[in-house]
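Notes for the one structure printed next.
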Amino acid sequence: MATKLLALTCIRKERFSERYPLVRKHLTRSRGGGGAGDGSSSETLAFEIEEEISRAIFQVLGMTCSACAGSVEKAIKRLSGIHEAVIDALNNRAQILFYPNLVDVETIRETIEDAGFEASLIENEANERSRQVCRIRISGMTCTSCSSTIERVLQSVNGVQRAHVALAIEEAEIHYDPRLLSYDRLLEEIENAGFEAVLISTGEDVSKIDLKIDGEFTDESMEIIERSLEALPGVQSVEISHGTDKISVLYRPDVTGPRNFIQVIESIVFGHSGHIKATIFSEGGVGRESQKQGEVKQYYKSFLWSLVFTVPVFLTAMVFMYIPGIKDLLMFKVINMLTVGEIIRWVLATPVQFVIGWRFYTGAYKALRRGSGNMDVLIALGTNAAYFYSLYTVLRAATFPDFKGVDFFETSAMLISFIILGKYLEVLAKGKTSQAIAKLMNLAPDTAILLSLDDEGNATGEEEIDGRLIQKNDVIKIVPGANVASDGYVIWGQSHVNESMITGEARPVAKRKGDTVIGGTLNENGVLHVKVTRVGSESALAQIVRLVESAQLAKAPVQKLADRISKFFVPLVIFLSFSTWLSWFLAGKLHWYPESWIPSSMDSFELALQFGISVMVIACPCALGLATPTAVMVGTGVGASQGVLIKGGQALEKAHKVSCIVFDKTGTLTMGKPVVVKTKLLKNMVLREFYELVAATEVNSEHPLAKAIVEYGKKFRDDEENPAWPEARDFVSVTGNGVKAIVKGREIMVGNKSLMTSHGVIIPVEAEELLVDAEDLAQTGILVSINSELIGVLSVSDPLKPSAREAISILKSMNIKSIMVTGDNWGTANSIAGEVGIDSVIAEAKPEQKAEKVKELQAAGHVVAMVGDGINDSPALVAADVGMAIGAGTDIAIEAADIVLMKSNLEDVITAIDLSRKTFSRIRLNYVWALGYNLMGIPIAAGVLFPWTRFRLPPWIAGAAMAASSVSVVCCSLLLKNYKRPKKLDHLEIREIQVERV
């Protein structure tokens with residue numbers, strides 16, 4: 001381990017010196033001076049300088065010549081703390097080396113703009129080194145105004161770099177500088193803003209386990225446990241919650257694991273405090289699903305209690321008044337004009353207003369305390385207006401013998417009941433939007449069968465353990481019908497594994513020795529022994545869950561509309577409500593409308609009050625805040641279930657606008673697994689001997705073509721599984737050309753024409769013709785020479801994916817242009833493009849040229865998607881509006897992409913675009929629902945139709961309509977769960993299965 005860490009340190013210093021040559025000189029001088037005694041201090045100083053200097057890259061617009069670049073450079077260098085500034089006027093870039101403790105990136109940016117140019121930050125290494133991410137669950141948010149307020153509070157805290165608050169899943173993702181603040185401060189700020197906050201995770205506890213101690217233990221025992229655990233290799237920290245039986249261990253999963261911790265605890269403490277047992281600590285209901293279920297039960301209980309009081313209020317006000325006998329009883333006057341019915345309604349409405357509706361008071365108070373408004377403010381104002389006016393009529397009726405007035409107790413009680421019913425239905429529906437994550441998390445089995453192996457690798461015993469106790473390098477047994485417990489590779493057995501729950505792959509995948517398996521997938525028909533390679537947060541399942549969670553936290557750009565509206569919406573609604581009341585009140589007092597308009601049960605003031613309350617409660621912005629995030633949540637969840645991982649709303653929004661797709665060739669349009677299809681010898685030679693020499697040379701290379709040649713060479717050997725090739729001495733790899741080595745005393749060269757001609761090998765006409773024929777057939781021609789004489793020509797083909805041509809055809813029917821950009825030669829590129837139906841081709845392109853092509857297309861007005869799988873595709877994936885990485889590709893490509901295609905099938909490109917279009921169609925429909933309720937409901941509630949139709953919207957009906965708007969938006973999003981990919985793709989999948997069987 002120490003060797004590995006030393007190597008990483010050396011790499012880090014080497015990269016730093018390459019990147020910052022001026023600092024390298026300083027480091028050299030520091031190490032050069034002094035004797036042996038002070039060498040260590042010089043080394044320490046060098047690393048301090050390395051840590052202090054940071055790099056920032058800015059995009060600078062407006063530079064037209066070297067004089068402009070010079071003025072920018074001079075302006076920057078005048079700042080204190082600037083180590084070096086390099087200005088590239090051609091590419092509009094400025095690279096700055098600076099000391100972050102003396103100057104920050106914002107000051108540098110402002111300086112560039114003061115010099116007369118437009119600057120924006122592209123990359124800041126100081127931020128990357130000092131960034132930590134935590135996720136917090138937040139309770140008490142009612143509308144988008146709440147989430148916007150929390151974001152403003154968090155972003156105002158010094159050290160917070162970025163904060164995203166998701167109303168739909170009630171969580172926040174915060175990027176902050178751990179040197180300036182801790183997550184405790186973030187929790188405190190959220191709680192001070194009036195919300196409940198619970199920490200879900202931080203960047204530091206990615207590999208963290210909580211253990212529970214059962215038995216008799218003392219403080220001395222716990223100290224021994226703490227010291228013993230801290231001494232274990234790979235353990236980074238141990239935290240003991242004093243007064244409890246919980247221990248939290250932060251560790252490196254590639255070094256140690258929870259079984260080691262339990263073994264240490266039980267063995268060390270046994271002799272001190274009797275029988276003590278350690279187990280995995282169960283959170284017991286603080287997870288998202290448990291919290292959501294608790295919230296659903298709470299609203300359900302509140303609604304039932306509200307019905308107990310509200311139904312009698314409604315009956316006494318609206319029904320019993322028309323039943324002879326009961327009406328006389330209710331109209332019996334107790335004191336002056338105070339009736340029995342008014343007393344009953346007052347008594348029953350009071351607990352609804354102040355007990356069941358207390359949540360609205362607390363929410364409104366917290367919102368007003370922080371200087372903002374939300375749904376609670378509107379509800380509290382509306383119901384209080386109805387309740388206290390009714391209380392006023394009751395008191396006047398009891399004290400004046402001739403007072404005539406009508407109470408609105410049924411309005412306040414029914415309004416609260418309907419809103420609570422709406423919140424119950426909304427929470428119930430919102431819970432279903434995040435079922436994708438719950439289903440993914442439930443794929444991991446609760447238990448696993450751990451095998452014990454002898455020195456020869458034979459199984460000697462097995463034990464059933466908790467699935468959370470699996471450690472790296474364990475060997476586990478997977479029986480038929482069981483889920484694979486963790487990521488790994490098969491060391492024994494054969495079976496078929498259903499991977500549809502992870503990759504969306506519809507058919508079982510054959511597994512044999514050496515094949516990888518994914519945790520959470522289903523083993524169908526055989527027993528497998530699997531060696532574990534990734535556990536916990538490193539597993540594919542955990543990474544997919546984290547990716548989907550991050551996608552649901554990220555905001556789509558279209559969400560900004562709702563955020564902007566929410567800032568002024570509540571004050572505007574209050575203003576409209578007051579204006580409505582005042583207008584109708586003045587109109588009544590000034591007799592601007594006939595008295596016949598006023599219902600017999602009320603006067604002009606009461607009529608105006610009802611109009612004002614209706615406006616206030618119907619205009620709540622809840623639905624507006626849920627329009628985008630609920631659709632994004634369902635869309636990303638559906639995508640994950642079909643093997644299309646979409647990294648957030650921004651990727652979804654861009655994908656639905658894509659007008660041009662740039663495809664890489666190898667591994668994207670082709671299978672990415674080259675095979676030798678033809679061998680032509682130019683001299684008499686036994687083919688077995690020929691391939692022995694060639695394979696012995698190529699076995700040292702990692703190139704895909706080399707692997708194809710070695711695999712083909714195994715066919716001529718008896719020991720095909722693991723042949724022993726002759727020793728290759730003086731092996732040399734010539735990048736982009738081929739390899740050479742000495743095998744059995746002969747110089748072997750395997751590569752292209754450039755390699756041969758550079759070493760003086762004559763290429764006969766026959767070989768030239770074979771190379772041309774190979775290119776025409778979309779094959780790669782490889783030349784082989786022995787002792788500087790050309791001996792043979794190999795043709796290697798990377799077969800097209802079965803669905804490639806049809807996928808390109810479907811994209812054309814969707815009015816999406818397809819372009820192929822590859823590093824392969826022009827002949828092969830044109831042949832492949834012709835087969836799949838792509839007209840525009842760029843071959844022999846370097847990674848930066850791929851990115852440049854993407855930028856050219858963007859400049860021409862296209863919204864560009866890039867589909868690739870290799871490290872060389874990463875720059876283009878980043879440059880594209882939407883980067884799509886083939887799931888079987890490299891980790892770097894997957895990291896750089898916006899969308900990951902888990903199945904590595906081209907039809908998933910179409911699925912991703914079609915799903916994004918369907919999702920954004922749903923978002924638009926949600927906005928129609930949300931804004932439609934307000935744009936149509938507010939005028940109706942204000943009484944616009946009343947003069948002509950005598951139709952008015954009572955407050956309790958307005959409240960029901962407001963609640964219905966939120967529920968309708970969530971249900972509209974939930975319809976996305978029924979998404980079916982285009983039927984044309986089902987035909988492609990059937991064809992792929994047939995090709996594989998052949």
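Here, A, B, ... name the chains of the structure tokens in the order displayed, residue numbers run from 1 inside each chain, and ligands are numbered from 1 in the same displayed order.
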
Check your understanding: Neighbours of Met331 of chain A within 8 Å (only C-alpha atoms; same-chain residues fewer than 5 positions away dropped), as a PyMOL selection string?
Key -> chain A and resi 339-341

Preceding selection exported with N, CA, C and O atoms as a compact mmCIF listing (two decimals), in the first residue's frame:
# COMPACT_ATOMS: atom_id res chain seq x y z
N THR A 339 -77.74 32.49 17.75
CA THR A 339 -78.53 31.26 17.62
C THR A 339 -77.73 30.04 18.04
O THR A 339 -76.50 30.07 18.16
N VAL A 340 -78.45 28.91 18.22
CA VAL A 340 -77.81 27.64 18.56
C VAL A 340 -76.89 27.19 17.44
O VAL A 340 -75.79 26.68 17.67
N GLY A 341 -77.34 27.38 16.18
CA GLY A 341 -76.52 26.97 15.03
C GLY A 341 -75.19 27.70 14.99
O GLY A 341 -74.14 27.09 14.69

Check your understanding: If you count only C-alpha atoms, which residues fall within 8 Å of Ala398 of chain A, apart from same-chain ones fewer than 3 positions away, as JSON, numbers by chain?
Key -> {"A": [335, 336, 337, 338, 394, 395, 401]}

Could you take the residues named above and write them with N, CA, C and O atoms, as a short mmCIF file (atom, residue, chain, number, x, y, z; two decimals), in the first residue's frame?
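again_14.cif was written with the following content:
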data_model
loop_
_atom_site.label_atom_id
_atom_site.label_comp_id
_atom_site.auth_asym_id
_atom_site.auth_seq_id
_atom_site.Cartn_x
_atom_site.Cartn_y
_atom_site.Cartn_z
N ILE A 335 -78.95 34.14 23.14
CA ILE A 335 -78.75 35.48 23.70
C ILE A 335 -78.95 36.48 22.57
O ILE A 335 -78.24 36.42 21.56
N ASN A 336 -79.87 37.40 22.74
CA ASN A 336 -80.18 38.38 21.71
C ASN A 336 -80.38 37.69 20.36
O ASN A 336 -81.24 36.85 20.20
N MET A 337 -79.47 37.98 19.37
CA MET A 337 -79.60 37.39 18.02
C MET A 337 -78.69 36.17 17.82
O MET A 337 -78.62 35.63 16.73
N LEU A 338 -77.99 35.76 18.89
CA LEU A 338 -77.09 34.61 18.80
C LEU A 338 -77.90 33.32 18.82
O LEU A 338 -78.62 33.04 19.78
N VAL A 394 -70.63 36.69 15.66
CA VAL A 394 -71.15 35.99 16.84
C VAL A 394 -71.21 36.95 18.02
O VAL A 394 -72.22 37.01 18.76
N LEU A 395 -70.12 37.69 18.24
CA LEU A 395 -70.10 38.63 19.37
C LEU A 395 -71.12 39.74 19.19
O LEU A 395 -71.78 40.17 20.16
N PRO A 401 -79.44 43.43 20.07
CA PRO A 401 -80.72 42.74 19.86
C PRO A 401 -81.24 42.81 18.43
O PRO A 401 -82.12 42.01 18.06
#

Review point. With only C-alpha atoms as the atoms that count, which of A:Lys855, A:Lys277, A:Lys740, A:Lys801 lies nearest to Met671 of chain A?
Key: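 Of the candidates, the smallest distance to Met671 of chain A is held by A:Lys801.
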
Exercise for review: Have a look at A:Ile786, A:Val334, A:Asp664, A:Gly672 and name the one nearest to Ala397 of chain A; count only C-alpha atoms.
Suggested key: A:Val334

**Study point:** Selected residue, from A:Trp956, A:Phe320, A:Trp584, A:Phe261, that lies nearest to Met616 of chain A when counting only C-alpha atoms
**Key:**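 Closest residue, counting only C-alpha atoms: A:Trp956.
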
Practice item. Give the strand (DSSP E) residues of segment 723-858 of chain A, as DSSP finds them on the backbone, and put them as a ChimeraX atom specification. Key: /A:728-734,738-743,746-751,779-786,789-797,817-821,840-842

Please list as a PDB file with N, CA, C and O atoms, in the first residue's frame every residue within 9 Å of segment 465-476 of chain A, counting only C-alpha atoms and excluding residues in the same chain fewer than 3 positions away.
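And here is the file that came out, result.pdb:
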ATOM      1  N   PRO A 253     -12.776   1.044   1.753  1.00  0.00           N
ATOM      2  CA  PRO A 253     -13.282  -0.314   1.501  1.00  0.00           C
ATOM      3  C   PRO A 253     -12.301  -1.215   0.775  1.00  0.00           C
ATOM      4  O   PRO A 253     -12.466  -2.430   0.786  1.00  0.00           O
ATOM      5  N   ASP A 254     -11.275  -0.629   0.110  1.00  0.00           N
ATOM      6  CA  ASP A 254     -10.307  -1.476  -0.584  1.00  0.00           C
ATOM      7  C   ASP A 254      -9.274  -2.057   0.381  1.00  0.00           C
ATOM      8  O   ASP A 254      -8.469  -2.897  -0.013  1.00  0.00           O
ATOM      9  N   VAL A 255      -9.311  -1.614   1.649  1.00  0.00           N
ATOM     10  CA  VAL A 255      -8.327  -2.080   2.635  1.00  0.00           C
ATOM     11  C   VAL A 255      -8.980  -2.932   3.721  1.00  0.00           C
ATOM     12  O   VAL A 255      -8.449  -3.960   4.116  1.00  0.00           O
ATOM     13  N   THR A 256     -10.135  -2.507   4.196  1.00  0.00           N
ATOM     14  CA  THR A 256     -10.777  -3.200   5.314  1.00  0.00           C
ATOM     15  C   THR A 256     -12.285  -3.172   5.128  1.00  0.00           C
ATOM     16  O   THR A 256     -12.782  -2.720   4.092  1.00  0.00           O
ATOM     17  N   GLY A 257     -13.015  -3.669   6.132  1.00  0.00           N
ATOM     18  CA  GLY A 257     -14.466  -3.723   6.011  1.00  0.00           C
ATOM     19  C   GLY A 257     -15.141  -4.004   7.336  1.00  0.00           C
ATOM     20  O   GLY A 257     -14.481  -4.232   8.356  1.00  0.00           O
ATOM     21  N   PRO A 258     -16.476  -4.002   7.363  1.00  0.00           N
ATOM     22  CA  PRO A 258     -17.219  -4.121   8.629  1.00  0.00           C
ATOM     23  C   PRO A 258     -17.009  -5.432   9.372  1.00  0.00           C
ATOM     24  O   PRO A 258     -17.083  -5.450  10.596  1.00  0.00           O
ATOM     25  N   ARG A 259     -16.756  -6.538   8.651  1.00  0.00           N
ATOM     26  CA  ARG A 259     -16.520  -7.806   9.368  1.00  0.00           C
ATOM     27  C   ARG A 259     -15.283  -7.707  10.239  1.00  0.00           C
ATOM     28  O   ARG A 259     -15.248  -8.246  11.346  1.00  0.00           O
ATOM     29  N   ILE A 280     -24.649  -4.531  12.599  1.00  0.00           N
ATOM     30  CA  ILE A 280     -24.901  -3.345  11.787  1.00  0.00           C
ATOM     31  C   ILE A 280     -26.034  -2.543  12.418  1.00  0.00           C
ATOM     32  O   ILE A 280     -27.068  -3.093  12.779  1.00  0.00           O
ATOM     33  N   ALA A 444     -30.537  -4.919  -3.855  1.00  0.00           N
ATOM     34  CA  ALA A 444     -29.435  -5.556  -3.117  1.00  0.00           C
ATOM     35  C   ALA A 444     -30.015  -6.544  -2.113  1.00  0.00           C
ATOM     36  O   ALA A 444     -30.878  -6.184  -1.308  1.00  0.00           O
ATOM     37  N   PRO A 445     -29.586  -7.816  -2.134  1.00  0.00           N
ATOM     38  CA  PRO A 445     -30.144  -8.815  -1.211  1.00  0.00           C
ATOM     39  C   PRO A 445     -29.739  -8.535   0.233  1.00  0.00           C
ATOM     40  O   PRO A 445     -28.690  -7.941   0.499  1.00  0.00           O
ATOM     41  N   ASP A 446     -30.588  -8.962   1.155  1.00  0.00           N
ATOM     42  CA  ASP A 446     -30.307  -8.735   2.579  1.00  0.00           C
ATOM     43  C   ASP A 446     -29.176  -9.626   3.083  1.00  0.00           C
ATOM     44  O   ASP A 446     -28.448  -9.246   3.999  1.00  0.00           O
ATOM     45  N   THR A 447     -29.042 -10.829   2.503  1.00  0.00           N
ATOM     46  CA  THR A 447     -28.011 -11.763   2.959  1.00  0.00           C
ATOM     47  C   THR A 447     -27.174 -12.258   1.785  1.00  0.00           C
ATOM     48  O   THR A 447     -27.557 -12.108   0.627  1.00  0.00           O
ATOM     49  N   ALA A 448     -26.040 -12.839   2.117  1.00  0.00           N
ATOM     50  CA  ALA A 448     -25.154 -13.413   1.103  1.00  0.00           C
ATOM     51  C   ALA A 448     -24.506 -14.668   1.678  1.00  0.00           C
ATOM     52  O   ALA A 448     -24.372 -14.818   2.895  1.00  0.00           O
ATOM     53  N   ILE A 449     -24.108 -15.582   0.784  1.00  0.00           N
ATOM     54  CA  ILE A 449     -23.428 -16.807   1.208  1.00  0.00           C
ATOM     55  C   ILE A 449     -21.931 -16.622   1.001  1.00  0.00           C
ATOM     56  O   ILE A 449     -21.454 -16.529  -0.135  1.00  0.00           O
ATOM     57  N   LEU A 450     -21.198 -16.524   2.090  1.00  0.00           N
ATOM     58  CA  LEU A 450     -19.748 -16.314   2.052  1.00  0.00           C
ATOM     59  C   LEU A 450     -19.042 -17.660   2.044  1.00  0.00           C
ATOM     60  O   LEU A 450     -19.306 -18.529   2.885  1.00  0.00           O
ATOM     61  N   LEU A 451     -18.127 -17.843   1.084  1.00  0.00           N
ATOM     62  CA  LEU A 451     -17.383 -19.099   0.968  1.00  0.00           C
ATOM     63  C   LEU A 451     -16.012 -18.985   1.624  1.00  0.00           C
ATOM     64  O   LEU A 451     -15.359 -17.937   1.550  1.00  0.00           O
ATOM     65  N   SER A 452     -15.591 -20.073   2.240  1.00  0.00           N
ATOM     66  CA  SER A 452     -14.225 -20.188   2.753  1.00  0.00           C
ATOM     67  C   SER A 452     -13.434 -21.034   1.768  1.00  0.00           C
ATOM     68  O   SER A 452     -13.899 -22.103   1.347  1.00  0.00           O
ATOM     69  N   LEU A 453     -12.243 -20.584   1.394  1.00  0.00           N
ATOM     70  CA  LEU A 453     -11.432 -21.272   0.393  1.00  0.00           C
ATOM     71  C   LEU A 453     -10.117 -21.738   1.002  1.00  0.00           C
ATOM     72  O   LEU A 453      -9.569 -21.097   1.905  1.00  0.00           O
ATOM     73  N   GLU A 462     -19.154 -22.694   3.921  1.00  0.00           N
ATOM     74  CA  GLU A 462     -19.949 -21.531   3.569  1.00  0.00           C
ATOM     75  C   GLU A 462     -20.717 -21.035   4.785  1.00  0.00           C
ATOM     76  O   GLU A 462     -21.029 -21.794   5.702  1.00  0.00           O
ATOM     77  N   VAL A 484     -27.527 -11.297  -7.207  1.00  0.00           N
ATOM     78  CA  VAL A 484     -26.086 -11.182  -6.992  1.00  0.00           C
ATOM     79  C   VAL A 484     -25.856 -10.160  -5.878  1.00  0.00           C
ATOM     80  O   VAL A 484     -26.390  -9.046  -5.926  1.00  0.00           O
ATOM     81  N   ALA A 485     -25.071 -10.550  -4.868  1.00  0.00           N
ATOM     82  CA  ALA A 485     -24.950  -9.715  -3.671  1.00  0.00           C
ATOM     83  C   ALA A 485     -24.061  -8.501  -3.867  1.00  0.00           C
ATOM     84  O   ALA A 485     -24.244  -7.488  -3.192  1.00  0.00           O
ATOM     85  N   SER A 486     -23.078  -8.573  -4.781  1.00  0.00           N
ATOM     86  CA  SER A 486     -22.170  -7.443  -4.967  1.00  0.00           C
ATOM     87  C   SER A 486     -21.459  -7.586  -6.310  1.00  0.00           C
ATOM     88  O   SER A 486     -21.473  -8.657  -6.922  1.00  0.00           O
ATOM     89  N   GLY A 488     -18.582  -8.138  -9.000  1.00  0.00           N
ATOM     90  CA  GLY A 488     -17.394  -8.986  -8.991  1.00  0.00           C
ATOM     91  C   GLY A 488     -17.246  -9.718 -10.310  1.00  0.00           C
ATOM     92  O   GLY A 488     -17.859  -9.348 -11.314  1.00  0.00           O
ATOM     93  N   ILE A 491     -15.475 -16.815 -10.776  1.00  0.00           N
ATOM     94  CA  ILE A 491     -14.265 -17.647 -10.704  1.00  0.00           C
ATOM     95  C   ILE A 491     -14.602 -19.129 -10.871  1.00  0.00           C
ATOM     96  O   ILE A 491     -13.711 -19.954 -11.049  1.00  0.00           O
ATOM     97  N   LEU A 528     -22.988 -19.920  -9.209  1.00  0.00           N
ATOM     98  CA  LEU A 528     -21.786 -19.141  -9.514  1.00  0.00           C
ATOM     99  C   LEU A 528     -21.009 -18.850  -8.237  1.00  0.00           C
ATOM    100  O   LEU A 528     -21.608 -18.601  -7.178  1.00  0.00           O
ATOM    101  N   HIS A 529     -19.690 -18.918  -8.350  1.00  0.00           N
ATOM    102  CA  HIS A 529     -18.817 -18.417  -7.291  1.00  0.00           C
ATOM    103  C   HIS A 529     -18.215 -17.111  -7.791  1.00  0.00           C
ATOM    104  O   HIS A 529     -17.579 -17.080  -8.859  1.00  0.00           O
ATOM    105  N   VAL A 530     -18.443 -16.036  -7.063  1.00  0.00           N
ATOM    106  CA  VAL A 530     -18.063 -14.699  -7.522  1.00  0.00           C
ATOM    107  C   VAL A 530     -17.080 -14.078  -6.547  1.00  0.00           C
ATOM    108  O   VAL A 530     -17.313 -14.076  -5.331  1.00  0.00           O
ATOM    109  N   LYS A 531     -15.971 -13.558  -7.093  1.00  0.00           N
ATOM    110  CA  LYS A 531     -15.025 -12.811  -6.270  1.00  0.00           C
ATOM    111  C   LYS A 531     -15.419 -11.336  -6.301  1.00  0.00           C
ATOM    112  O   LYS A 531     -15.562 -10.737  -7.364  1.00  0.00           O
ATOM    113  N   VAL A 532     -15.614 -10.756  -5.131  1.00  0.00           N
ATOM    114  CA  VAL A 532     -16.129  -9.387  -5.008  1.00  0.00           C
ATOM    115  C   VAL A 532     -15.035  -8.383  -5.346  1.00  0.00           C
ATOM    116  O   VAL A 532     -13.903  -8.473  -4.832  1.00  0.00           O
ATOM    117  N   THR A 533     -15.358  -7.428  -6.207  1.00  0.00           N
ATOM    118  CA  THR A 533     -14.397  -6.381  -6.573  1.00  0.00           C
ATOM    119  C   THR A 533     -14.811  -5.000  -6.084  1.00  0.00           C
ATOM    120  O   THR A 533     -13.968  -4.147  -5.854  1.00  0.00           O
ATOM    121  N   ARG A 534     -16.126  -4.780  -5.937  1.00  0.00           N
ATOM    122  CA  ARG A 534     -16.592  -3.465  -5.482  1.00  0.00           C
ATOM    123  C   ARG A 534     -17.743  -3.642  -4.497  1.00  0.00           C
ATOM    124  O   ARG A 534     -18.655  -4.426  -4.743  1.00  0.00           O
ATOM    125  N   VAL A 535     -17.686  -2.894  -3.401  1.00  0.00           N
ATOM    126  CA  VAL A 535     -18.717  -2.995  -2.366  1.00  0.00           C
ATOM    127  C   VAL A 535     -19.190  -1.601  -1.981  1.00  0.00           C
ATOM    128  O   VAL A 535     -18.542  -0.594  -2.273  1.00  0.00           O
ATOM    129  N   GLY A 536     -20.317  -1.576  -1.290  1.00  0.00           N
ATOM    130  CA  GLY A 536     -20.814  -0.319  -0.737  1.00  0.00           C
ATOM    131  C   GLY A 536     -21.040   0.742  -1.788  1.00  0.00           C
ATOM    132  O   GLY A 536     -21.633   0.507  -2.840  1.00  0.00           O
TER     133      GLY A 536
END

**Study point:** Distance query Met141 of chain A at most 12 Å, only C-alpha atoms, self and fewer than 2 positions along chain excluded, as a PyMOL selection string
**Key:** chain A and resi 137-139+143-150+165-172+190-191+193-197+359-360+362-364+366-367+373-376+423+427+622+625-626

**Study point:** Residue with smallest distance to Ala958 of chain A - pool A:Tyr927, A:Phe418, A:Phe716, A:Phe575, counting only C-alpha atoms
**Key:**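 The answer is A:Phe418, which sits nearest to Ala958 of chain A.
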
Test item: residues at most 12 Å from Leu935 of chain A, only C-alpha atoms, excluding those fewer than 4 positions along its chain, as a compact mmCIF listing (two decimals) with N, CA, C and O atoms, in the first residue's frame:
# COMPACT_ATOMS: atom_id res chain seq x y z
N VAL A 573 -50.33 38.18 -4.93
CA VAL A 573 -51.63 37.57 -4.62
C VAL A 573 -52.30 38.32 -3.47
O VAL A 573 -53.52 38.58 -3.51
N VAL A 615 -59.87 34.74 -3.92
CA VAL A 615 -58.68 35.09 -4.70
C VAL A 615 -57.42 34.66 -3.98
O VAL A 615 -56.47 34.13 -4.57
N ILE A 618 -57.05 30.60 -4.02
CA ILE A 618 -56.97 29.87 -5.30
C ILE A 618 -55.65 30.09 -6.01
O ILE A 618 -55.27 29.33 -6.90
N ALA A 619 -54.92 31.15 -5.61
CA ALA A 619 -53.73 31.55 -6.37
C ALA A 619 -52.43 31.00 -5.81
O ALA A 619 -51.36 31.48 -6.16
N CYS A 620 -52.49 29.98 -4.93
CA CYS A 620 -51.25 29.47 -4.34
C CYS A 620 -50.32 28.88 -5.41
O CYS A 620 -50.78 28.17 -6.30
N PRO A 621 -49.00 29.17 -5.34
CA PRO A 621 -48.06 28.74 -6.40
C PRO A 621 -47.51 27.34 -6.23
O PRO A 621 -46.49 27.01 -6.82
N TYR A 927 -47.17 23.06 -16.79
CA TYR A 927 -47.26 24.52 -16.69
C TYR A 927 -48.62 25.02 -17.14
O TYR A 927 -49.14 26.01 -16.62
N VAL A 928 -49.20 24.35 -18.13
CA VAL A 928 -50.55 24.72 -18.57
C VAL A 928 -51.54 24.52 -17.42
O VAL A 928 -52.38 25.38 -17.14
N TRP A 929 -51.41 23.35 -16.74
CA TRP A 929 -52.28 23.08 -15.59
C TRP A 929 -52.06 24.13 -14.50
O TRP A 929 -53.02 24.72 -13.98
N ALA A 930 -50.78 24.34 -14.14
CA ALA A 930 -50.47 25.22 -13.01
C ALA A 930 -50.86 26.67 -13.29
O ALA A 930 -51.56 27.31 -12.49
N LEU A 931 -50.40 27.19 -14.42
CA LEU A 931 -50.70 28.58 -14.76
C LEU A 931 -52.16 28.74 -15.16
O LEU A 931 -52.77 29.80 -14.92
N PRO A 939 -59.38 35.47 -11.92
CA PRO A 939 -60.47 36.36 -12.35
C PRO A 939 -61.85 35.85 -11.94
O PRO A 939 -62.70 36.64 -11.53
N ILE A 940 -62.06 34.52 -12.04
CA ILE A 940 -63.37 33.98 -11.66
C ILE A 940 -63.59 34.16 -10.16
O ILE A 940 -64.68 34.55 -9.71
N ALA A 941 -62.53 33.87 -9.37
CA ALA A 941 -62.63 34.05 -7.92
C ALA A 941 -62.86 35.51 -7.55
O ALA A 941 -63.52 35.81 -6.55
N ALA A 942 -62.31 36.42 -8.36
CA ALA A 942 -62.47 37.85 -8.09
C ALA A 942 -63.85 38.36 -8.48
O ALA A 942 -64.18 39.52 -8.20

**Study point:** Residues within 12 Å of Gly745 of chain A, only C-alpha atoms, excluding chain neighbours under 6 positions, as a ChimeraX atom specification
**Key:** /A:693,726-730,786-787

Exercise for review: Considering only C-alpha atoms, return as a list in words whatever protein or nucleic-acid residues lie within 9 Å of His496 of chain A, sequence-local ones (same chain, fewer than 6 positions apart) excluded.
Suggested key: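 Answer for this query is Pro508, Val509, Ala510, Lys511, Arg512, Leu522, Asn523, Glu524, Asn525 and Gly526 of chain A.
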
Review point. Pick the closest to Leu607 of chain A from A:Ser795, A:Phe946, A:Thr636, A:Ala651: which is it, counting only C-alpha atoms?
Key: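 Nearest candidate to Leu607 of chain A out of A:Ser795, A:Phe946, A:Thr636, A:Ala651: A:Phe946.
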